[in-house]
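Have a look at query.cif below; it lists mmCIF, C-alpha atoms.
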data_data
loop_
_atom_site.label_atom_id
_atom_site.label_comp_id
_atom_site.auth_asym_id
_atom_site.auth_seq_id
_atom_site.Cartn_x
_atom_site.Cartn_y
_atom_site.Cartn_z
CA MET A 27 -71.71 -5.72 151.34
CA LYS A 28 -70.03 -5.55 147.92
CA ASP A 29 -68.54 -2.06 148.22
CA ILE A 30 -65.19 -3.51 149.22
CA ASP A 31 -63.22 -6.31 147.58
CA ASP A 32 -64.08 -9.76 148.95
CA SER A 33 -60.49 -10.97 149.09
CA LYS A 34 -59.11 -11.52 152.58
CA ALA A 35 -55.51 -12.42 151.86
CA PRO A 36 -53.26 -13.42 154.76
CA LEU A 37 -50.53 -11.09 155.94
CA LEU A 38 -47.80 -12.98 154.09
CA ASP A 39 -49.61 -12.54 150.77
CA HIS A 40 -49.91 -8.79 151.44
CA LEU A 41 -46.19 -8.59 152.20
CA ILE A 42 -45.34 -10.52 149.02
CA GLU A 43 -47.55 -8.17 146.99
CA LEU A 44 -45.95 -5.13 148.67
CA ARG A 45 -42.48 -6.48 147.87
CA GLY A 46 -43.44 -6.95 144.23
CA ARG A 47 -44.82 -3.44 143.91
CA LEU A 48 -41.79 -1.91 145.64
CA LEU A 49 -39.52 -3.78 143.22
CA LYS A 50 -41.49 -2.35 140.29
CA CYS A 51 -40.95 1.14 141.74
CA VAL A 52 -37.21 0.49 142.11
CA TYR A 53 -37.01 -0.83 138.53
CA ALA A 54 -38.83 2.27 137.29
CA LEU A 55 -36.38 4.51 139.16
CA PHE A 56 -33.35 2.68 137.76
CA ILE A 57 -34.63 2.64 134.17
CA THR A 58 -35.67 6.30 134.14
CA GLY A 59 -32.46 7.21 135.98
CA ALA A 60 -30.36 5.48 133.30
CA ILE A 61 -32.27 7.28 130.56
CA CYS A 62 -31.88 10.65 132.29
CA PHE A 63 -28.15 10.03 132.83
CA TYR A 64 -27.72 9.26 129.12
CA PHE A 65 -29.46 12.52 128.22
CA SER A 66 -28.06 14.47 131.19
CA GLU A 67 -26.26 17.02 128.98
CA GLN A 68 -29.47 17.81 127.09
CA LEU A 69 -31.45 18.01 130.34
CA PHE A 70 -28.85 20.31 131.88
CA ALA A 71 -29.06 22.52 128.78
CA ILE A 72 -32.80 22.85 129.40
CA LEU A 73 -32.27 23.66 133.08
CA VAL A 74 -29.55 26.22 132.32
CA HIS A 75 -31.66 28.04 129.68
CA PRO A 76 -33.20 30.60 132.14
CA LEU A 77 -29.69 31.58 133.30
CA LYS A 78 -28.47 31.85 129.70
CA GLU A 79 -31.39 34.17 128.90
CA ALA A 80 -30.67 36.24 132.02
CA PHE A 81 -27.00 36.69 131.03
CA GLY A 82 -28.13 37.93 127.62
CA ASP A 83 -25.98 38.34 124.54
CA GLY A 84 -22.89 38.95 126.66
CA GLY A 85 -22.67 35.26 127.43
CA GLY A 86 -21.86 34.30 130.99
CA ARG A 87 -20.19 31.19 132.30
CA LEU A 88 -20.77 28.22 134.57
CA VAL A 89 -17.67 26.87 136.28
CA TYR A 90 -16.85 23.87 138.44
CA THR A 91 -14.29 24.11 141.20
CA LYS A 92 -13.78 20.40 141.91
CA LEU A 93 -12.60 17.86 139.35
CA TYR A 94 -15.49 15.50 140.06
CA GLU A 95 -18.17 18.21 140.26
CA ALA A 96 -19.27 18.02 136.61
CA PHE A 97 -19.78 14.26 136.86
CA PHE A 98 -21.87 14.51 140.03
CA VAL A 99 -23.96 17.25 138.42
CA GLN A 100 -24.95 14.70 135.79
CA VAL A 101 -25.71 12.14 138.52
CA LYS A 102 -27.93 14.64 140.36
CA ILE A 103 -29.77 15.43 137.14
CA ALA A 104 -30.33 11.70 136.57
CA VAL A 105 -31.67 11.17 140.10
CA PHE A 106 -33.89 14.26 139.95
CA GLY A 107 -35.24 13.31 136.53
CA ALA A 108 -35.81 9.71 137.63
CA PHE A 109 -38.03 10.76 140.53
CA CYS A 110 -40.03 13.11 138.29
CA LEU A 111 -40.50 10.60 135.45
CA SER A 112 -41.21 7.58 137.63
CA PHE A 113 -43.67 9.34 139.95
CA PRO A 114 -46.76 8.27 137.92
CA ILE A 115 -45.58 4.64 138.06
CA ILE A 116 -44.90 4.84 141.82
CA ALA A 117 -48.29 6.48 142.43
CA ASN A 118 -49.99 3.80 140.31
CA GLN A 119 -48.33 0.99 142.27
CA LEU A 120 -49.28 2.62 145.57
CA TRP A 121 -52.88 2.97 144.40
CA ALA A 122 -52.99 -0.64 143.17
CA PHE A 123 -51.81 -1.85 146.59
CA VAL A 124 -54.17 0.31 148.66
CA ALA A 125 -57.29 0.28 146.44
CA PRO A 126 -58.50 -3.29 147.21
CA GLY A 127 -58.87 -2.34 150.88
CA LEU A 128 -61.04 0.70 150.17
CA TYR A 129 -64.79 0.98 149.82
CA ALA A 130 -66.20 2.12 146.49
CA LYS A 131 -67.02 5.58 147.89
CA GLU A 132 -63.47 5.93 149.25
CA LYS A 133 -61.99 4.98 145.88
CA LYS A 134 -64.22 7.50 144.15
CA ALA A 135 -63.19 10.18 146.65
CA LEU A 136 -59.42 9.53 146.50
CA LEU A 137 -58.91 8.95 142.78
CA PRO A 138 -59.37 12.63 141.72
CA PHE A 139 -56.74 13.72 144.25
CA ILE A 140 -54.23 11.15 142.98
CA ILE A 141 -54.84 12.31 139.40
CA ALA A 142 -54.61 15.99 140.36
CA THR A 143 -51.31 15.64 142.25
CA PRO A 144 -48.91 15.39 139.24
CA PHE A 145 -50.80 18.16 137.39
CA LEU A 146 -50.56 20.54 140.34
CA PHE A 147 -46.87 19.71 140.83
CA ALA A 148 -46.25 20.35 137.12
CA MET A 149 -48.08 23.70 137.38
CA GLY A 150 -45.87 24.79 140.27
CA ALA A 151 -42.69 23.58 138.56
CA SER A 152 -43.68 25.35 135.32
CA LEU A 153 -44.32 28.59 137.19
CA ALA A 154 -40.86 28.29 138.75
CA TYR A 155 -39.12 27.53 135.44
CA PHE A 156 -40.88 29.93 133.08
CA VAL A 157 -41.61 32.90 135.37
CA VAL A 158 -39.86 32.86 138.74
CA MET A 159 -36.37 31.70 137.77
CA PRO A 160 -35.91 34.14 134.85
CA THR A 161 -37.15 37.02 137.01
CA ALA A 162 -34.95 36.04 139.96
CA PHE A 163 -31.85 35.49 137.81
CA HIS A 164 -32.26 38.88 136.14
CA PHE A 165 -32.49 40.39 139.63
CA PHE A 166 -29.37 38.57 140.88
CA LEU A 167 -27.28 39.48 137.82
CA GLU A 168 -28.03 43.19 138.18
CA PHE A 169 -25.37 43.30 140.90
CA GLN A 170 -22.65 42.72 138.31
CA GLY A 171 -20.62 45.74 137.31
CA ASN A 172 -17.82 47.93 138.58
CA SER A 173 -17.34 48.46 142.32
CA SER A 174 -14.54 50.74 143.55
CA GLY A 175 -12.56 50.08 140.41
CA LEU A 176 -13.00 46.29 140.62
CA GLN A 177 -15.03 44.27 138.15
CA VAL A 178 -17.81 42.29 139.88
CA GLU A 179 -18.79 39.28 137.78
CA ALA A 180 -21.14 36.41 138.49
CA LEU A 181 -19.37 33.05 138.13
CA PRO A 182 -21.83 30.47 139.46
CA SER A 183 -20.66 26.89 139.74
CA ALA A 184 -22.58 24.18 137.93
CA ASP A 185 -23.34 22.33 141.18
CA SER A 186 -24.62 25.40 143.06
CA TYR A 187 -26.73 26.45 140.08
CA LEU A 188 -28.30 23.00 139.79
CA GLY A 189 -29.03 23.05 143.52
CA LEU A 190 -30.74 26.42 143.16
CA VAL A 191 -32.85 25.22 140.20
CA MET A 192 -33.91 22.07 142.05
CA GLN A 193 -34.77 24.19 145.09
CA PHE A 194 -37.01 26.41 142.97
CA ILE A 195 -38.75 23.53 141.18
CA LEU A 196 -39.32 21.42 144.30
CA ALA A 197 -40.44 24.39 146.41
CA PHE A 198 -43.05 25.51 143.91
CA GLY A 199 -44.09 22.00 142.89
CA VAL A 200 -44.65 20.77 146.44
CA SER A 201 -46.29 24.02 147.55
CA PHE A 202 -48.84 23.72 144.77
CA LEU A 203 -50.01 20.44 146.34
CA MET A 204 -51.57 22.39 149.22
CA PRO A 205 -55.12 22.20 147.73
CA VAL A 206 -54.88 18.40 147.61
CA LEU A 207 -53.86 18.28 151.27
CA LEU A 208 -56.61 20.65 152.40
CA MET A 209 -59.27 18.87 150.36
CA LEU A 210 -58.22 15.51 151.80
CA LEU A 211 -58.35 16.92 155.34
CA ASN A 212 -61.81 18.25 154.57
CA ARG A 213 -62.99 14.88 153.24
CA ALA A 214 -61.62 13.18 156.35
CA GLY A 215 -63.51 15.60 158.58
CA PHE A 216 -60.49 17.27 160.16
CA VAL A 217 -61.21 20.76 158.79
CA ASN A 218 -64.24 22.46 157.28
CA ARG A 219 -64.76 25.55 155.17
CA SER A 220 -65.61 27.85 158.08
CA GLN A 221 -62.42 26.84 159.89
CA LEU A 222 -60.32 27.57 156.81
CA ILE A 223 -61.96 30.99 156.49
CA GLY A 224 -61.17 31.67 160.14
CA LEU A 225 -57.54 30.65 159.60
CA ARG A 226 -57.10 32.97 156.60
CA ARG A 227 -55.03 35.61 158.44
CA TYR A 228 -52.74 32.91 159.86
CA MET A 229 -52.37 31.46 156.38
CA ILE A 230 -51.12 34.82 155.11
CA VAL A 231 -48.32 34.76 157.69
CA ALA A 232 -47.62 31.06 157.07
CA ALA A 233 -47.39 31.59 153.29
CA PHE A 234 -44.72 34.27 153.65
CA VAL A 235 -42.81 32.25 156.26
CA LEU A 236 -42.90 29.17 154.03
CA ALA A 237 -41.79 31.24 151.04
CA ALA A 238 -38.90 32.66 153.07
CA VAL A 239 -37.78 29.15 154.04
CA LEU A 240 -38.17 27.44 150.65
CA THR A 241 -36.87 30.13 148.29
CA PRO A 242 -33.59 32.08 148.10
CA PRO A 243 -33.41 35.09 150.44
CA ASP A 244 -34.72 37.68 148.00
CA VAL A 245 -38.05 39.46 148.11
CA VAL A 246 -38.90 38.73 144.46
CA SER A 247 -38.79 34.93 144.81
CA GLN A 248 -40.62 35.00 148.12
CA LEU A 249 -43.47 37.13 146.76
CA MET A 250 -43.78 34.93 143.67
CA LEU A 251 -44.33 31.88 145.90
CA ALA A 252 -46.41 33.47 148.67
CA VAL A 253 -48.95 35.13 146.35
CA PRO A 254 -49.83 31.92 144.41
CA LEU A 255 -50.07 30.04 147.72
CA LEU A 256 -52.64 32.52 149.00
CA ALA A 257 -54.55 32.32 145.71
CA LEU A 258 -54.57 28.51 145.92
CA TYR A 259 -55.84 28.74 149.50
CA GLU A 260 -58.81 30.87 148.37
CA ILE A 261 -59.48 28.55 145.43
CA THR A 262 -59.49 25.59 147.83
CA ILE A 263 -62.07 27.29 150.04
CA ILE A 264 -64.31 27.82 146.99
CA ALA A 265 -63.80 24.21 145.87
CA ILE A 266 -64.76 22.92 149.33
CA TRP A 267 -67.95 24.99 149.14
CA PHE A 268 -68.90 23.23 145.90
CA THR A 269 -68.02 19.76 147.23
CA ASP A 270 -69.97 20.38 150.44
CA ARG A 271 -73.03 21.37 148.41
CA LYS A 272 -72.71 18.23 146.26
CA ARG A 273 -72.28 16.05 149.35
CA VAL A 274 -75.42 17.45 150.96
CA LYS A 275 -77.31 17.03 147.70
CA ASP A 276 -76.29 13.37 147.41
CA MET A 277 -77.34 12.59 151.00
CA ALA A 278 -80.67 11.14 152.01
CA PRO A 279 -83.19 13.78 153.21
CA GLY A 280 -82.64 12.96 156.90
CA GLU A 281 -78.84 12.97 156.60
CA ALA A 282 -78.93 16.24 154.64
CA ALA A 283 -80.97 17.89 157.40
CA ASP A 284 -78.45 16.69 160.01
CA ALA A 285 -75.51 17.97 157.90
CA ALA A 286 -77.17 21.33 157.37
CA SER A 287 -77.79 21.67 161.09
#
Would you mind writing the structure in this file as structure tokens?
Amino acid sequence: MKDIDDSKAPLLDHLIELRGRLLKCVYALFITGAICFYFSEQLFAILVHPLKEAFGDGGGRLVYTKLYEAFFVQVKIAVFGAFCLSFPIIANQLWAFVAPGLYAKEKKALLPFIIATPFLFAMGASLAYFVVMPTAFHFFLEFQGNSSGLQVEALPSADSYLGLVMQFILAFGVSFLMPVLLMLLNRAGFVNRSQLIGLRRYMIVAAFVLAAVLTPPDVVSQLMLAVPLLALYEITIIAIWFTDRKRVKDMAPGEAADAAS
């Protein structure tokens, strides 16, 4: 059988290979982290742009309340950027380590999901940055004004703002990976299309609960995460219908009859 690689390396060789690939991942994190730290001011300017647009022509300010806060904001930006930039390298090293132990059909089945993962994460992060964050920040800043003769002004700290931005980006990016997870579970035989259809009403509740946990406690942000999650769930059900049809078509006549039954 030639579907799987013929190499049968001893355990020590596997551990040495794993060590080498982990070191490459660490090097990638350090190099990208150093680059992101060098350009941390420019990266922070990009991240702060939605808040600047929400403040409008009047300006607005970001403050820091601890002397070391501004420095650690740059460190957090470097770490966050390092994980984002080095993810393709880490995924490639993981694939290179696992792939020799997979059959040809398994490689063919897994590769599209590995390729789709960064694209789906980028779609979720882009939705958060270009749509959700500007809308949410406009909503939050509407509470500025005069209250009982006192001026109410938003003075967010740089650290808390960065934490909020990272929360938005990670929440939407990770949530958009749901189709990959469901498709993998379907390929592994844990769930099928009819089960996902039956779980639709529970998914509606789960989407709003997840949105309430992952986003700030405002209705706007929660709706803007829950609705795309439900749309992705329906798209996944349609995609599984197509893949099931293709799988049955590729089967031998006897196997196709058994699958149809």
Between range 202-221 of chain A and range 254-273 of chain A, at 10 Å or less, what are the per-residue closest atom pairs and their distances in Å? Count only C-alpha atoms, order by chain and rising residue number, and return it as JSON lines.
{"residue": "A:Phe202", "atom": "CA", "partner": "A:Leu255", "partner_atom": "CA", "distance": 7.1}
{"residue": "A:Leu203", "atom": "CA", "partner": "A:Leu258", "partner_atom": "CA", "distance": 9.3}
{"residue": "A:Met204", "atom": "CA", "partner": "A:Leu258", "partner_atom": "CA", "distance": 7.6}
{"residue": "A:Pro205", "atom": "CA", "partner": "A:Thr262", "partner_atom": "CA", "distance": 5.5}
{"residue": "A:Val206", "atom": "CA", "partner": "A:Thr262", "partner_atom": "CA", "distance": 8.5}
{"residue": "A:Leu207", "atom": "CA", "partner": "A:Thr262", "partner_atom": "CA", "distance": 9.8}
{"residue": "A:Leu208", "atom": "CA", "partner": "A:Thr262", "partner_atom": "CA", "distance": 7.3}
{"residue": "A:Met209", "atom": "CA", "partner": "A:Ile266", "partner_atom": "CA", "distance": 6.9}
{"residue": "A:Asn212", "atom": "CA", "partner": "A:Ile266", "partner_atom": "CA", "distance": 7.6}
{"residue": "A:Arg213", "atom": "CA", "partner": "A:Ile266", "partner_atom": "CA", "distance": 9.1}
{"residue": "A:Asn218", "atom": "CA", "partner": "A:Ile266", "partner_atom": "CA", "distance": 8.0}
{"residue": "A:Arg219", "atom": "CA", "partner": "A:Ile263", "partner_atom": "CA", "distance": 6.0}
{"residue": "A:Ser220", "atom": "CA", "partner": "A:Ile263", "partner_atom": "CA", "distance": 8.8}
{"residue": "A:Gln221", "atom": "CA", "partner": "A:Ile263", "partner_atom": "CA", "distance": 9.9}
Would you mind exporting the chosen residues as an mmCIF file, in the frame of the given file, restricted to C-alpha atoms?
data_model
loop_
_atom_site.group_PDB
_atom_site.id
_atom_site.type_symbol
_atom_site.label_atom_id
_atom_site.label_comp_id
_atom_site.auth_asym_id
_atom_site.auth_seq_id
_atom_site.Cartn_x
_atom_site.Cartn_y
_atom_site.Cartn_z
ATOM 1 C CA PHE A 202 -48.840 23.720 144.770
ATOM 2 C CA LEU A 203 -50.010 20.440 146.340
ATOM 3 C CA MET A 204 -51.570 22.390 149.220
ATOM 4 C CA PRO A 205 -55.120 22.200 147.730
ATOM 5 C CA VAL A 206 -54.880 18.400 147.610
ATOM 6 C CA LEU A 207 -53.860 18.280 151.270
ATOM 7 C CA LEU A 208 -56.610 20.650 152.400
ATOM 8 C CA MET A 209 -59.270 18.870 150.360
ATOM 9 C CA ASN A 212 -61.810 18.250 154.570
ATOM 10 C CA ARG A 213 -62.990 14.880 153.240
ATOM 11 C CA ASN A 218 -64.240 22.460 157.280
ATOM 12 C CA ARG A 219 -64.760 25.550 155.170
ATOM 13 C CA SER A 220 -65.610 27.850 158.080
ATOM 14 C CA GLN A 221 -62.420 26.840 159.890
#
- prompt: Any idea what the distance is between CA of Ile103 in chain A and CA of Leu153 in chain A?
  reply: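 Result for CA of Ile103 in chain A versus CA of Leu153 in chain A: 19.6 Å, one decimal.
One finds CA of Gln100 in chain A at 10.0 Å from CA of Ala184 in chain A.
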Residues selected by the PyMOL selection byres ((chain A and resi 164) around 12), written as a count of residues only: 23
message: Please enumerate the residues selected by the PyMOL selection byres ((chain A and resi 109) around 12) when evaluated against the supplied file, formatted as a list of chain:residue names.
response: A:Cys51, A:Val52, A:Tyr53, A:Ala54, A:Leu55, A:Phe56, A:Ile57, A:Thr58, A:Gly59, A:Ala60, A:Cys62, A:Lys102, A:Ile103, A:Ala104, A:Val105, A:Phe106, A:Gly107, A:Ala108, A:Cys110, A:Leu111, A:Ser112, A:Phe113, A:Pro114, A:Ile115, A:Ile116, A:Ala117, A:Pro144, A:Leu196
message: For the PyMOL selection byres ((chain A and resi 231-233) around 10), applied here, can you spell out every residue it catches as a count of residues only?
response: 21
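For the point (-52.3, 6.1, 142.6), the residues with at least one atom inside 10 Å, counting all atoms listed in the file, are A:Phe113, A:Pro114, A:Ile115, A:Ile116, A:Ala117, A:Asn118, A:Gln119, A:Leu120, A:Trp121, A:Ala122, A:Phe123, A:Val124, A:Ala125, A:Leu136, A:Leu137, A:Pro138, A:Phe139, A:Ile140, A:Ile141, A:Thr143.
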- prompt: What is the CA of Val74 in chain A to CA of Gln193 in chain A distance in Å?
  reply: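 Taking CA of Val74 in chain A and CA of Gln193 in chain A, their separation equals 13.9 Å.
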Given all atoms listed in the file as the counted atoms, nearest of A:Arg47, A:Ser152, A:Ser66, A:Val191 to Phe97 in chain A: A:Ser66
Could you work out an axis-aligned box for range 220-232 of chain A, taking every atom the file lists and adding 8 Å on each side, and report centre and edge lengths in Å to one decimal, as JSON?
{"center_x": -56.6, "center_y": 31.2, "center_z": 157.6, "size_x": 34.0, "size_y": 24.8, "size_z": 21.0}
query: Which residue gives the smallest distance to Ser186 in chain A among A:Asn172, A:Gly85, A:Ala151, A:Glu95, with all atoms listed in the file counted?
result: A:Glu95
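Among the candidates A:Leu37, A:Leu73, A:Leu49, A:Val89, the one nearest to Phe156 in chain A when counting only C-alpha atoms is A:Leu73.
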message: Ranking A:Gly199, A:Leu69, A:Leu48, A:Leu41 by minimum distance to Gly150 in chain A and counting all atoms listed in the file, which one comes first?
response: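 The answer is A:Gly199, which sits nearest to Gly150 in chain A.
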